[in-house]
file coords-v9.cif (mmCIF, C-alpha atoms (C1' of nucleotides))
data_target
#
loop_
_atom_site.label_atom_id
_atom_site.label_comp_id
_atom_site.auth_asym_id
_atom_site.auth_seq_id
_atom_site.Cartn_x
_atom_site.Cartn_y
_atom_site.Cartn_z
CA MET A 14 62.55 -91.43 -97.51
CA GLN A 15 62.35 -94.97 -98.69
CA THR A 16 65.08 -96.58 -100.78
CA ARG A 17 63.91 -97.51 -104.23
CA HIS A 18 62.72 -101.06 -104.50
CA ARG A 19 65.29 -103.47 -105.85
CA PRO A 20 64.48 -106.99 -107.06
CA TYR A 21 66.91 -108.89 -104.85
CA HIS A 22 70.33 -107.49 -105.27
CA HIS A 23 71.32 -103.98 -106.31
CA GLY A 24 69.75 -104.28 -109.70
CA ASP A 25 72.41 -105.39 -112.09
CA LEU A 26 74.49 -108.22 -110.74
CA ARG A 27 75.89 -108.96 -114.16
CA ALA A 28 77.44 -105.52 -114.54
CA ALA A 29 78.61 -105.55 -110.93
CA LEU A 30 80.35 -108.89 -111.46
CA LEU A 31 82.13 -107.64 -114.56
CA ALA A 32 83.24 -104.44 -112.86
CA ARG A 33 84.55 -106.25 -109.80
CA ALA A 34 86.18 -108.90 -111.98
CA GLU A 35 88.09 -106.28 -113.89
CA GLU A 36 89.31 -104.70 -110.66
CA THR A 37 90.55 -108.07 -109.43
CA LEU A 38 92.14 -108.77 -112.79
CA ARG A 39 93.97 -105.46 -112.68
CA ASP A 40 95.02 -105.72 -109.03
CA LYS A 41 95.73 -109.41 -108.54
CA GLY A 42 95.83 -111.00 -111.97
CA GLN A 43 93.78 -113.60 -113.76
CA ALA A 44 94.93 -116.48 -111.58
CA ALA A 45 93.37 -114.81 -108.54
CA LEU A 46 89.98 -114.43 -110.20
CA SER A 47 87.36 -116.70 -108.63
CA LEU A 48 83.61 -116.68 -109.06
CA ARG A 49 83.10 -117.47 -105.39
CA GLU A 50 85.24 -114.58 -104.24
CA LEU A 51 83.49 -112.24 -106.65
CA ALA A 52 80.17 -113.33 -105.19
CA ARG A 53 81.46 -112.80 -101.63
CA ASP A 54 82.73 -109.34 -102.52
CA LEU A 55 79.30 -108.39 -103.84
CA GLY A 56 77.44 -109.90 -100.88
CA VAL A 57 75.67 -112.49 -102.91
CA SER A 58 75.55 -116.29 -102.76
CA HIS A 59 78.24 -118.21 -104.58
CA ALA A 60 75.67 -119.69 -106.95
CA ALA A 61 74.26 -116.33 -108.02
CA PRO A 62 76.81 -115.62 -110.78
CA SER A 63 75.66 -118.69 -112.67
CA ARG A 64 72.42 -116.85 -113.48
CA HIS A 65 74.45 -114.39 -115.55
CA PHE A 66 77.42 -116.43 -116.76
CA LYS A 67 76.93 -120.06 -117.54
CA ASP A 68 80.46 -120.79 -116.38
CA LYS A 69 83.72 -119.07 -115.57
CA GLN A 70 84.86 -119.04 -119.17
CA ALA A 71 81.73 -117.09 -120.10
CA LEU A 72 82.75 -114.38 -117.64
CA LEU A 73 86.28 -114.33 -119.05
CA ASP A 74 84.88 -114.07 -122.56
CA ALA A 75 82.71 -111.16 -121.47
CA LEU A 76 85.77 -109.43 -120.01
CA ALA A 77 87.70 -109.97 -123.24
CA LEU A 78 84.77 -108.52 -125.16
CA ILE A 79 84.89 -105.42 -122.97
CA GLY A 80 88.62 -105.24 -123.65
CA PHE A 81 88.20 -105.35 -127.43
CA GLU A 82 85.47 -102.74 -127.32
CA ARG A 83 87.43 -100.45 -125.06
CA PHE A 84 90.53 -100.81 -127.15
CA THR A 85 88.68 -100.02 -130.34
CA ASP A 86 87.16 -96.91 -128.76
CA HIS A 87 90.57 -95.88 -127.47
CA PHE A 88 92.10 -96.42 -130.90
CA ALA A 89 89.30 -94.63 -132.79
CA GLY A 90 89.50 -91.68 -130.39
CA SER A 91 93.22 -91.32 -130.87
CA GLN A 92 92.77 -91.42 -134.65
CA GLU A 93 90.25 -88.59 -134.45
CA ARG A 94 92.72 -86.47 -132.52
CA ALA A 95 95.57 -87.26 -134.93
CA GLY A 96 96.78 -85.19 -137.84
CA GLU A 97 95.87 -85.88 -141.43
CA SER A 98 98.98 -87.42 -142.92
CA PHE A 99 99.52 -91.16 -142.84
CA ALA A 100 102.67 -90.73 -140.79
CA GLN A 101 100.79 -88.77 -138.14
CA ARG A 102 97.93 -91.26 -138.03
CA LEU A 103 100.35 -94.17 -137.79
CA ASP A 104 102.17 -92.44 -134.95
CA ALA A 105 98.87 -92.09 -133.10
CA ALA A 106 97.99 -95.72 -133.86
CA VAL A 107 101.21 -97.16 -132.48
CA ARG A 108 100.90 -95.04 -129.35
CA ALA A 109 97.30 -96.17 -128.95
CA TYR A 110 98.33 -99.83 -129.10
CA VAL A 111 101.19 -99.54 -126.66
CA GLY A 112 99.39 -97.12 -124.37
CA PHE A 113 96.43 -99.46 -124.07
CA ALA A 114 98.70 -102.42 -123.49
CA LEU A 115 100.57 -100.75 -120.64
CA ALA A 116 97.40 -99.39 -119.04
CA ASN A 117 95.43 -102.66 -119.34
CA SER A 118 98.06 -105.34 -119.23
CA ALA A 119 96.10 -108.12 -117.53
CA LEU A 120 93.09 -107.43 -119.74
CA LEU A 121 95.26 -107.55 -122.87
CA ASP A 122 96.70 -110.89 -121.76
CA LEU A 123 93.17 -112.18 -121.48
CA MET A 124 92.30 -110.79 -124.92
CA TYR A 125 95.37 -112.44 -126.41
CA SER A 126 94.61 -115.78 -124.81
CA ILE A 127 91.08 -115.96 -126.25
CA LYS A 128 90.69 -118.55 -128.99
CA HIS A 129 88.81 -117.09 -131.92
CA ASP A 130 86.98 -120.16 -133.21
CA PRO A 131 84.24 -119.63 -135.74
CA GLN A 132 81.77 -120.69 -133.02
CA ALA A 133 82.82 -117.96 -130.61
CA SER A 134 80.10 -115.69 -129.31
CA GLU A 135 78.57 -113.38 -131.88
CA ALA A 136 79.32 -110.30 -129.81
CA LEU A 137 82.98 -111.25 -129.43
CA THR A 138 83.34 -111.94 -133.14
CA ALA A 139 81.75 -108.57 -133.90
CA ALA A 140 84.09 -106.77 -131.50
CA VAL A 141 87.15 -108.45 -132.99
CA ASN A 142 85.96 -107.51 -136.46
CA ARG A 143 85.53 -103.90 -135.37
CA TRP A 144 89.06 -103.96 -133.98
CA TYR A 145 90.39 -105.40 -137.21
CA GLU A 146 88.49 -102.95 -139.38
CA GLU A 147 89.47 -99.96 -137.32
CA THR A 148 93.16 -100.72 -137.72
CA THR A 149 92.80 -101.71 -141.33
CA GLY A 150 91.01 -98.42 -141.94
CA LEU A 151 94.25 -96.65 -141.14
CA ILE A 152 95.88 -98.39 -144.10
CA ALA A 153 92.90 -97.75 -146.37
CA GLU A 154 93.15 -94.06 -145.54
CA GLY A 155 96.88 -94.12 -146.29
CA GLN A 156 96.17 -95.68 -149.65
CA ARG A 157 93.52 -93.04 -150.35
CA LEU A 158 96.08 -90.35 -149.59
CA GLY A 159 98.56 -92.00 -151.93
CA GLU A 160 101.05 -92.45 -149.09
CA VAL A 161 100.71 -96.24 -148.85
CA ARG A 162 101.40 -98.81 -151.55
CA GLU A 163 98.48 -100.05 -153.59
CA GLY A 164 96.98 -103.52 -153.43
CA PRO A 165 94.25 -105.33 -151.49
CA THR A 166 93.94 -103.37 -148.24
CA ASP A 167 93.77 -106.52 -146.09
CA ARG A 168 97.02 -107.79 -147.52
CA VAL A 169 98.82 -104.50 -147.06
CA ALA A 170 97.39 -104.08 -143.55
CA LEU A 171 98.07 -107.54 -142.13
CA PRO A 172 101.85 -107.18 -141.65
CA VAL A 173 101.24 -103.83 -139.97
CA LEU A 174 98.67 -105.41 -137.68
CA MET A 175 101.15 -108.12 -136.77
CA THR A 176 103.76 -105.52 -135.87
CA LEU A 177 101.34 -103.57 -133.67
CA TYR A 178 100.04 -106.78 -132.09
CA GLY A 179 103.60 -107.88 -131.40
CA PHE A 180 104.63 -104.54 -129.94
CA ALA A 181 101.70 -104.60 -127.51
CA GLY A 182 102.28 -108.24 -126.60
CA MET A 183 106.00 -107.86 -126.01
CA ALA A 184 105.42 -104.72 -123.94
CA VAL A 185 102.95 -106.54 -121.69
CA SER A 186 105.22 -109.57 -121.33
CA GLY A 187 108.05 -107.40 -120.05
CA LEU A 188 110.24 -108.14 -123.06
CA LEU A 189 110.86 -104.46 -123.84
CA ALA A 190 113.01 -102.10 -121.83
CA PRO A 191 110.57 -99.39 -120.66
CA GLU A 192 113.22 -96.69 -120.67
CA ALA A 193 113.77 -97.21 -124.40
CA LEU A 194 110.06 -96.98 -125.21
CA GLU A 195 110.15 -93.64 -127.03
CA GLU A 196 113.07 -94.80 -129.15
CA GLN A 197 111.24 -98.06 -129.93
CA LEU A 198 108.11 -96.18 -130.92
CA ASN A 199 110.04 -94.03 -133.38
CA ASP A 200 111.95 -96.98 -134.81
CA VAL A 201 108.78 -98.98 -135.33
CA ILE A 202 106.96 -96.08 -136.95
CA ALA A 203 109.78 -95.56 -139.43
CA TYR A 204 109.97 -99.30 -140.10
CA ILE A 205 106.24 -99.56 -140.79
CA LEU A 206 106.39 -96.52 -143.05
CA ARG A 207 109.11 -98.19 -145.10
CA GLY A 208 107.14 -101.45 -145.14
CA CYS A 209 104.09 -99.64 -146.49
CA ALA A 210 105.88 -97.28 -148.84
CA ARG A 211 104.88 -97.08 -152.49
CA GLU A 212 106.99 -99.03 -154.90
CA MET B 3 115.60 -161.84 -114.25
CA GLN B 4 115.13 -159.16 -111.73
CA THR B 5 114.02 -155.66 -112.64
CA ARG B 6 116.63 -153.07 -111.97
CA HIS B 7 116.32 -151.43 -108.59
CA ARG B 8 114.61 -148.05 -108.69
CA PRO B 9 114.68 -145.59 -105.77
CA TYR B 10 110.91 -145.29 -105.37
CA HIS B 11 109.45 -144.30 -108.62
CA HIS B 12 110.81 -144.84 -112.10
CA GLY B 13 113.87 -142.72 -111.53
CA ASP B 14 113.09 -139.27 -112.78
CA LEU B 15 109.72 -138.06 -111.64
CA ARG B 16 110.59 -134.51 -112.58
CA ALA B 17 111.13 -135.35 -116.24
CA ALA B 18 108.09 -137.62 -116.27
CA LEU B 19 105.92 -134.83 -114.87
CA LEU B 20 107.11 -132.40 -117.52
CA ALA B 21 106.59 -134.89 -120.33
CA ARG B 22 103.08 -135.77 -119.18
CA ALA B 23 102.26 -132.12 -118.57
CA GLU B 24 103.17 -131.23 -122.10
CA GLU B 25 100.99 -134.01 -123.46
CA THR B 26 98.06 -132.75 -121.43
CA LEU B 27 98.77 -129.20 -122.50
CA ARG B 28 98.75 -130.24 -126.13
CA ASP B 29 95.69 -132.49 -125.90
CA LYS B 30 93.44 -130.70 -123.43
CA GLY B 31 94.83 -127.22 -122.92
CA GLN B 32 96.33 -125.35 -120.02
CA ALA B 33 93.04 -125.10 -118.12
CA ALA B 34 92.89 -128.90 -117.84
CA LEU B 35 96.37 -129.16 -116.36
CA SER B 36 96.30 -130.26 -112.72
CA LEU B 37 99.10 -131.43 -110.50
CA ARG B 38 96.88 -134.03 -108.90
CA GLU B 39 95.86 -135.53 -112.21
CA LEU B 40 99.48 -135.55 -113.35
CA ALA B 41 100.39 -137.46 -110.21
CA ARG B 42 97.55 -139.93 -110.75
CA ASP B 43 98.61 -140.51 -114.35
CA LEU B 44 102.13 -141.33 -113.19
CA GLY B 45 100.96 -143.58 -110.34
CA VAL B 46 102.40 -141.41 -107.64
CA SER B 47 100.87 -139.65 -104.66
CA HIS B 48 99.39 -136.20 -105.17
CA ALA B 49 102.00 -134.66 -102.90
CA ALA B 50 104.95 -136.11 -104.80
CA PRO B 51 105.21 -133.35 -107.43
CA SER B 52 105.93 -130.80 -104.73
CA ARG B 53 109.38 -132.39 -104.30
CA HIS B 54 110.24 -131.25 -107.80
CA PHE B 55 108.18 -128.11 -108.31
CA LYS B 56 107.55 -125.85 -105.38
CA ASP B 57 104.13 -124.97 -106.78
CA LYS B 58 102.10 -125.19 -109.96
CA GLN B 59 103.55 -121.98 -111.36
CA ALA B 60 107.03 -123.50 -111.08
CA LEU B 61 105.89 -126.36 -113.33
CA LEU B 62 104.39 -123.91 -115.82
CA ASP B 63 107.62 -121.91 -115.81
CA ALA B 64 109.58 -125.09 -116.49
CA LEU B 65 107.28 -125.87 -119.42
CA ALA B 66 107.75 -122.36 -120.81
CA LEU B 67 111.49 -122.79 -120.48
CA ILE B 68 111.29 -125.99 -122.50
CA GLY B 69 109.25 -124.07 -125.05
CA PHE B 70 111.82 -121.31 -125.43
CA GLU B 71 114.64 -123.81 -125.72
CA ARG B 72 112.83 -125.94 -128.25
CA PHE B 73 111.86 -122.92 -130.29
CA THR B 74 115.41 -121.61 -130.35
CA ASP B 75 116.69 -124.99 -131.51
CA HIS B 76 113.99 -125.16 -134.15
CA PHE B 77 114.85 -121.66 -135.32
CA ALA B 78 118.61 -122.23 -135.33
CA GLY B 79 118.18 -125.48 -137.23
CA SER B 80 116.09 -123.82 -139.90
CA GLN B 81 118.69 -121.08 -140.27
CA GLU B 82 121.38 -123.66 -140.85
CA ARG B 83 119.36 -125.24 -143.63
CA ALA B 84 118.58 -121.87 -145.23
CA GLY B 85 120.40 -120.20 -148.11
CA GLU B 86 122.95 -117.47 -147.70
CA SER B 87 121.16 -114.32 -148.73
CA PHE B 88 119.26 -112.27 -146.18
CA ALA B 89 116.00 -112.80 -148.06
CA GLN B 90 116.45 -116.57 -147.90
CA ARG B 91 117.33 -116.52 -144.22
CA LEU B 92 114.38 -114.26 -143.45
CA ASP B 93 112.07 -116.60 -145.33
CA ALA B 94 113.30 -119.49 -143.22
CA ALA B 95 112.94 -117.42 -140.05
CA VAL B 96 109.32 -116.46 -140.68
CA ARG B 97 108.45 -120.05 -141.51
CA ALA B 98 110.20 -121.22 -138.35
CA TYR B 99 108.15 -118.84 -136.22
CA VAL B 100 104.80 -119.70 -137.74
CA GLY B 101 105.58 -123.39 -138.04
CA PHE B 102 106.49 -123.62 -134.38
CA ALA B 103 103.40 -121.66 -133.40
CA LEU B 104 101.05 -123.94 -135.29
CA ALA B 105 102.74 -127.12 -134.07
CA ASN B 106 102.98 -126.00 -130.42
CA SER B 107 100.06 -123.67 -129.98
CA ALA B 108 99.25 -124.34 -126.32
CA LEU B 109 102.92 -124.18 -125.42
CA LEU B 110 103.33 -120.88 -127.25
CA ASP B 111 100.35 -119.46 -125.38
CA LEU B 112 102.06 -120.42 -122.17
CA MET B 113 105.32 -118.84 -123.34
CA TYR B 114 103.50 -115.64 -124.26
CA SER B 115 101.70 -115.47 -120.92
CA ILE B 116 104.93 -115.68 -118.89
CA LYS B 117 105.84 -112.42 -117.19
CA HIS B 118 109.51 -111.65 -117.69
CA ASP B 119 110.33 -109.83 -114.46
CA PRO B 120 113.98 -109.24 -113.64
CA GLN B 121 113.55 -111.76 -110.79
CA ALA B 122 112.43 -114.59 -113.08
CA SER B 123 114.38 -117.81 -112.91
CA GLU B 124 117.92 -117.62 -114.19
CA ALA B 125 117.36 -120.47 -116.63
CA LEU B 126 114.27 -118.84 -118.09
CA THR B 127 116.04 -115.51 -118.49
CA ALA B 128 118.93 -117.27 -120.22
CA ALA B 129 116.56 -119.10 -122.58
CA VAL B 130 114.73 -115.89 -123.47
CA ASN B 131 118.06 -114.19 -124.13
CA ARG B 132 119.10 -117.03 -126.39
CA TRP B 133 115.82 -116.68 -128.28
CA TYR B 134 116.33 -112.93 -128.60
CA GLU B 135 119.93 -113.27 -129.71
CA GLU B 136 119.19 -116.00 -132.22
CA THR B 137 116.61 -113.84 -133.97
CA THR B 138 118.71 -110.70 -133.69
CA GLY B 139 121.61 -112.62 -135.22
CA LEU B 140 119.61 -112.85 -138.41
CA ILE B 141 119.63 -109.06 -138.65
CA ALA B 142 123.30 -108.82 -137.74
CA GLU B 143 124.09 -111.24 -140.55
CA GLY B 144 121.98 -109.15 -142.94
CA GLN B 145 123.92 -106.09 -141.95
CA ARG B 146 127.21 -107.91 -142.47
CA LEU B 147 126.07 -108.87 -145.97
CA GLY B 148 125.17 -105.25 -146.65
CA GLU B 149 121.55 -106.21 -147.31
CA VAL B 150 120.13 -104.62 -144.17
CA ARG B 151 120.30 -100.98 -143.14
CA GLU B 152 123.04 -99.94 -140.78
CA GLY B 153 122.61 -98.89 -137.18
CA PRO B 154 122.57 -100.53 -133.75
CA THR B 155 121.53 -104.13 -134.42
CA ASP B 156 119.08 -104.24 -131.53
CA ARG B 157 117.23 -101.21 -132.81
CA VAL B 158 117.03 -102.54 -136.35
CA ALA B 159 116.01 -105.99 -135.12
CA LEU B 160 113.29 -105.05 -132.63
CA PRO B 161 110.59 -104.10 -135.15
CA VAL B 162 111.28 -107.33 -137.02
CA LEU B 163 110.99 -109.29 -133.78
CA MET B 164 107.66 -107.64 -133.08
CA THR B 165 106.37 -108.60 -136.50
CA LEU B 166 107.43 -112.23 -136.09
CA TYR B 167 106.07 -112.33 -132.54
CA GLY B 168 102.78 -110.88 -133.75
CA PHE B 169 102.51 -113.30 -136.66
CA ALA B 170 102.97 -116.28 -134.35
CA GLY B 171 100.57 -114.88 -131.76
CA MET B 172 97.84 -114.06 -134.23
CA ALA B 173 98.19 -117.46 -135.89
CA VAL B 174 97.76 -119.24 -132.55
CA SER B 175 94.80 -117.07 -131.56
CA GLY B 176 92.96 -118.03 -134.73
CA LEU B 177 93.03 -114.48 -136.08
CA LEU B 178 94.54 -115.51 -139.41
CA ALA B 179 92.78 -117.42 -142.15
CA PRO B 180 94.80 -120.64 -142.51
CA GLU B 181 94.05 -120.96 -146.21
CA ALA B 182 95.78 -117.61 -146.83
CA LEU B 183 98.90 -118.59 -144.89
CA GLU B 184 101.27 -118.86 -147.83
CA GLU B 185 100.13 -115.50 -149.14
CA GLN B 186 100.57 -113.97 -145.68
CA LEU B 187 104.06 -115.42 -145.39
CA ASN B 188 105.12 -113.88 -148.68
CA ASP B 189 103.53 -110.51 -147.88
CA VAL B 190 105.22 -110.36 -144.49
CA ILE B 191 108.61 -111.31 -145.88
CA ALA B 192 108.42 -108.57 -148.50
CA TYR B 193 107.21 -106.08 -145.87
CA ILE B 194 110.08 -106.89 -143.50
CA LEU B 195 112.59 -106.66 -146.36
CA ARG B 196 111.34 -103.15 -147.14
CA GLY B 197 111.41 -102.24 -143.46
CA CYS B 198 115.03 -103.35 -143.20
CA ALA B 199 116.18 -102.04 -146.54
CA ARG B 200 119.20 -99.77 -146.78
CA GLU B 201 118.45 -96.09 -147.03
"C1'" DA C 23 63.00 -113.91 -112.91
"C1'" DC C 24 66.45 -114.07 -109.61
"C1'" DC C 25 68.73 -115.80 -105.77
"C1'" DT C 26 69.89 -119.25 -101.74
"C1'" DG C 27 71.83 -123.39 -99.42
"C1'" DA C 28 73.44 -127.67 -99.58
"C1'" DA C 29 75.88 -131.09 -102.03
"C1'" DC C 30 79.40 -133.06 -105.15
"C1'" DA C 31 83.64 -133.73 -107.12
"C1'" DC C 32 87.36 -131.68 -107.69
"C1'" DC C 33 91.68 -128.46 -106.69
"C1'" DG C 34 96.78 -126.67 -104.57
"C1'" DT C 35 99.53 -126.73 -100.58
"C1'" DT C 36 101.47 -128.28 -96.25
"C1'" DC C 37 103.45 -131.50 -93.01
"C1'" DA C 38 104.26 -135.30 -90.05
"C1'" DA C 39 105.46 -139.80 -90.96
"C1'" DG C 40 107.30 -143.55 -93.48
"C1'" DT C 41 111.14 -146.12 -96.60
"C1'" DA D 21 116.59 -138.05 -100.66
"C1'" DC D 22 112.16 -139.11 -102.02
"C1'" DC D 23 107.55 -140.27 -101.38
"C1'" DT D 24 102.90 -141.17 -98.70
"C1'" DG D 25 98.51 -140.09 -96.32
"C1'" DA D 26 95.79 -137.17 -94.06
"C1'" DA D 27 94.28 -132.57 -93.41
"C1'" DC D 28 93.04 -127.81 -94.65
"C1'" DA D 29 91.11 -124.29 -97.15
"C1'" DC D 30 89.75 -123.40 -101.10
"C1'" DC D 31 87.49 -124.07 -106.05
"C1'" DG D 32 83.42 -124.55 -110.16
"C1'" DT D 33 79.05 -126.46 -111.05
"C1'" DT D 34 74.45 -128.22 -110.28
"C1'" DC D 35 69.85 -128.29 -108.43
"C1'" DA D 36 65.94 -128.31 -105.46
"C1'" DA D 37 63.90 -124.86 -102.92
"C1'" DG D 38 62.76 -120.29 -101.65
"C1'" DT D 39 61.02 -115.07 -102.61
#
call {"tool": "encode", "arguments": {"input": "coords-v9.cif", "output": "structure tokens"}}
result
Amino acid sequence: MQTRHRPYHHGDLRAALLARAEETLRDKGQAALSLRELARDLGVSHAAPSRHFKDKQALLDALALIGFERFTDHFAGSQERAGESFAQRLDAAVRAYVGFALANSALLDLMYSIKHDPQASEALTAAVNRWYEETTGLIAEGQRLGEVREGPTDRVALPVLMTLYGFAGMAVSGLLAPEALEEQLNDVIAYILRGCARE
Amino acid sequence: MQTRHRPYHHGDLRAALLARAEETLRDKGQAALSLRELARDLGVSHAAPSRHFKDKQALLDALALIGFERFTDHFAGSQERAGESFAQRLDAAVRAYVGFALANSALLDLMYSIKHDPQASEALTAAVNRWYEETTGLIAEGQRLGEVREGPTDRVALPVLMTLYGFAGMAVSGLLAPEALEEQLNDVIAYILRGCARE
DNA sequence: ACCTGAACACCGTTCAAGT
DNA sequence: ACCTGAACACCGTTCAAGT
């Protein structure tokens, strides 16, 4: 039986590079990520990656894009599984943020270090917008339920976003005591509920 | 008139390296920071920096340390100039965070990307503790004034810290619209006040 | 279209040797 | 004590040439 014909490599070098890059990121950190080593690992010449990523930053951007998409899926999934009240949805949201951060710490660092200029890639901008809208949707839903103060949803949501962003970032940086995590989660949830409460 | 005798170089290569490194960081970003270029700029051999920093990471750690120290000074100074009420002090605190972030964006990125293991340098750990205590002191003062809810100060302060941390991080990442900054500041201050309000 | 191989201009790190 | 110079083992990027 003959193996299926493949152009040169195993068919999708781009996807293979991204997959291997994420493994390296997870195992050895961003500093240890090199295009040449990636190419060696995949049995391809060191110049091959340039066909798929114009430079190293383009590969990092693509990884960050994957991170934003995965996070949004993770967040949306946890919202679907959550209860109906705002408090229950917020609980699920905070856990989604921190859970993702702890399970994807190097990737989150990369996502946080990306500069979101207006001239960033279209796909990245779209993914960041989806992330923003998904989290903001939580507040919109709370307003609809009458459990969150009225006002422009973006303005009510932004402080909450900052708190979630900060929680995830501090967790990844090692600034939070892991053994107090459950306590921190509960404190933050109660704090956000007060911050969003109706007047 | 004879120039004063200098050992080899201009006396304090370590300080000169840090100063030049911060300029480069500010002007061209962390990616453009190279020990060899630093050495060239200072007219010294490329191996000279290794006398003062055992490797590149040690120089980055030293820069982050400077960042934490400068931020704490900036924060403490702004608290001294602030009014007496908790709302006034919180206003000053939020502005100190965001102001520092916008004025030292590359340095803040570096500070955020530092991993705070227990085996980090003693000086860095001390600087981070000073940062933490300075911000937590704001909450302690609010409690003393009876304007902030009771309870263990660390637990009341942590959600506030996360919000401030997130505000600074999102500002530096370009996730906030600069023209809405004043509005965002006021919204966040009101949100934190509600989050900290007495029961 | 996709990849190779060689070339170029850089890196960080180490270490004997100099002052 | 502090720095130099050479050496080593890497990088990212480019480009003619191959299939």
call {"tool": "interface_residues", "arguments": {"input": "coords-v9.cif", "of": "chain C", "to": "chain A", "cutoff": "12 Å", "atoms": "all atoms listed in the file", "output": "number ranges by chain"}}
result
C: 23-28
call {"tool": "residues_around", "arguments": {"input": "coords-v9.cif", "residues": "Leu78 (chain A)", "least_positions_apart": "3", "cutoff": "12 Å", "atoms": "all atoms listed in the file", "output": "NGL selection string"}}
result
:A and (31 or 35 or 71-75 or 81-85 or 120-121 or 123-125 or 127 or 129 or 133-144)
call {"tool": "interface_residues", "arguments": {"input": "coords-v9.cif", "of": "chain B", "to": "chain A", "cutoff": "6 Å", "atoms": "only C-alpha atoms", "output": "list in words"}}
result
Lys117, His118, Pro161, Met164, Thr165, Tyr167, Gly168, Phe169, Ser175, Gly176, Val190, Tyr193, Arg196 and Gly197 of chain B
call {"tool": "residues_around", "arguments": {"input": "coords-v9.cif", "residues": "region 31-36 of chain D", "least_positions_apart": "2", "cutoff": "10 Å", "atoms": "only C-alpha atoms (C1' of nucleotides)", "output": "PDB file with C-alpha atoms (C1' of nucleotides), in the coordinates of the input"}}
result
ATOM      1  CA  SER A  47      87.360-116.700-108.630  1.00  0.00           C
ATOM      2  CA  LEU A  48      83.610-116.680-109.060  1.00  0.00           C
ATOM      3  CA  ARG A  49      83.100-117.470-105.390  1.00  0.00           C
ATOM      4  CA  GLU A  50      85.240-114.580-104.240  1.00  0.00           C
ATOM      5  CA  HIS A  59      78.240-118.210-104.580  1.00  0.00           C
ATOM      6  CA  ALA A  60      75.670-119.690-106.950  1.00  0.00           C
ATOM      7  CA  SER A  63      75.660-118.690-112.670  1.00  0.00           C
ATOM      8  CA  LYS A  67      76.930-120.060-117.540  1.00  0.00           C
ATOM      9  CA  ASP A  68      80.460-120.790-116.380  1.00  0.00           C
ATOM     10  CA  LYS A  69      83.720-119.070-115.570  1.00  0.00           C
TER      11      LYS A  69
ATOM     12  C1'  DG C  27      71.830-123.390 -99.420  1.00  0.00           C
ATOM     13  C1'  DA C  28      73.440-127.670 -99.580  1.00  0.00           C
ATOM     14  C1'  DA C  29      75.880-131.090-102.030  1.00  0.00           C
ATOM     15  C1'  DC C  30      79.400-133.060-105.150  1.00  0.00           C
ATOM     16  C1'  DA C  31      83.640-133.730-107.120  1.00  0.00           C
ATOM     17  C1'  DC C  32      87.360-131.680-107.690  1.00  0.00           C
ATOM     18  C1'  DC C  33      91.680-128.460-106.690  1.00  0.00           C
ATOM     19  C1'  DG C  34      96.780-126.670-104.570  1.00  0.00           C
TER      20       DG C  34
ATOM     21  C1'  DA D  29      91.110-124.290 -97.150  1.00  0.00           C
ATOM     22  C1'  DG D  38      62.760-120.290-101.650  1.00  0.00           C
TER      23       DG D  38
END
call {"tool": "atom_distance", "arguments": {"input": "coords-v9.cif", "atom1": "CA of Tyr99 (chain B)", "atom2": "CA of Ala142 (chain B)"}}
result
18.2 Å
call {"tool": "atom_distance", "arguments": {"input": "coords-v9.cif", "atom1": "CA of Arg33 (chain A)", "atom2": "CA of Phe113 (chain A)"}}
result
19.8 Å
call {"tool": "atom_distance", "arguments": {"input": "coords-v9.cif", "atom1": "CA of Ala52 (chain A)", "atom2": "CA of Ala33 (chain B)"}}
result
21.7 Å
call {"tool": "resolve_selection", "arguments": {"input": "coords-v9.cif", "expression": "the PyMOL selection byres ((chain A and resi 93-104) around 9)", "output": "list of chain:residue names"}}
result
A:Phe88, A:Ala89, A:Gly90, A:Ser91, A:Gln92, A:Ala105, A:Ala106, A:Val107, A:Arg108, A:Ala109, A:Leu151, A:Ile152, A:Glu154, A:Gly155, A:Gln156, A:Leu158, A:Glu160, A:Val161, A:Leu198, A:Asn199, A:Ile202, A:Ala203, A:Ile205, A:Leu206
call {"tool": "write_last_selection", "arguments": {"input": "coords-v9.cif", "atoms": "C-alpha atoms", "output": "CSV table (one decimal), in the coordinates of the input"}}
result
chain,number,residue,atom,x,y,z
A,88,PHE,CA,92.1,-96.4,-130.9
A,89,ALA,CA,89.3,-94.6,-132.8
A,90,GLY,CA,89.5,-91.7,-130.4
A,91,SER,CA,93.2,-91.3,-130.9
A,92,GLN,CA,92.8,-91.4,-134.6
A,105,ALA,CA,98.9,-92.1,-133.1
A,106,ALA,CA,98.0,-95.7,-133.9
A,107,VAL,CA,101.2,-97.2,-132.5
A,108,ARG,CA,100.9,-95.0,-129.4
A,109,ALA,CA,97.3,-96.2,-129.0
A,151,LEU,CA,94.2,-96.6,-141.1
A,152,ILE,CA,95.9,-98.4,-144.1
A,154,GLU,CA,93.2,-94.1,-145.5
A,155,GLY,CA,96.9,-94.1,-146.3
A,156,GLN,CA,96.2,-95.7,-149.6
A,158,LEU,CA,96.1,-90.4,-149.6
A,160,GLU,CA,101.0,-92.4,-149.1
A,161,VAL,CA,100.7,-96.2,-148.8
A,198,LEU,CA,108.1,-96.2,-130.9
A,199,ASN,CA,110.0,-94.0,-133.4
A,202,ILE,CA,107.0,-96.1,-137.0
A,203,ALA,CA,109.8,-95.6,-139.4
A,205,ILE,CA,106.2,-99.6,-140.8
A,206,LEU,CA,106.4,-96.5,-143.0
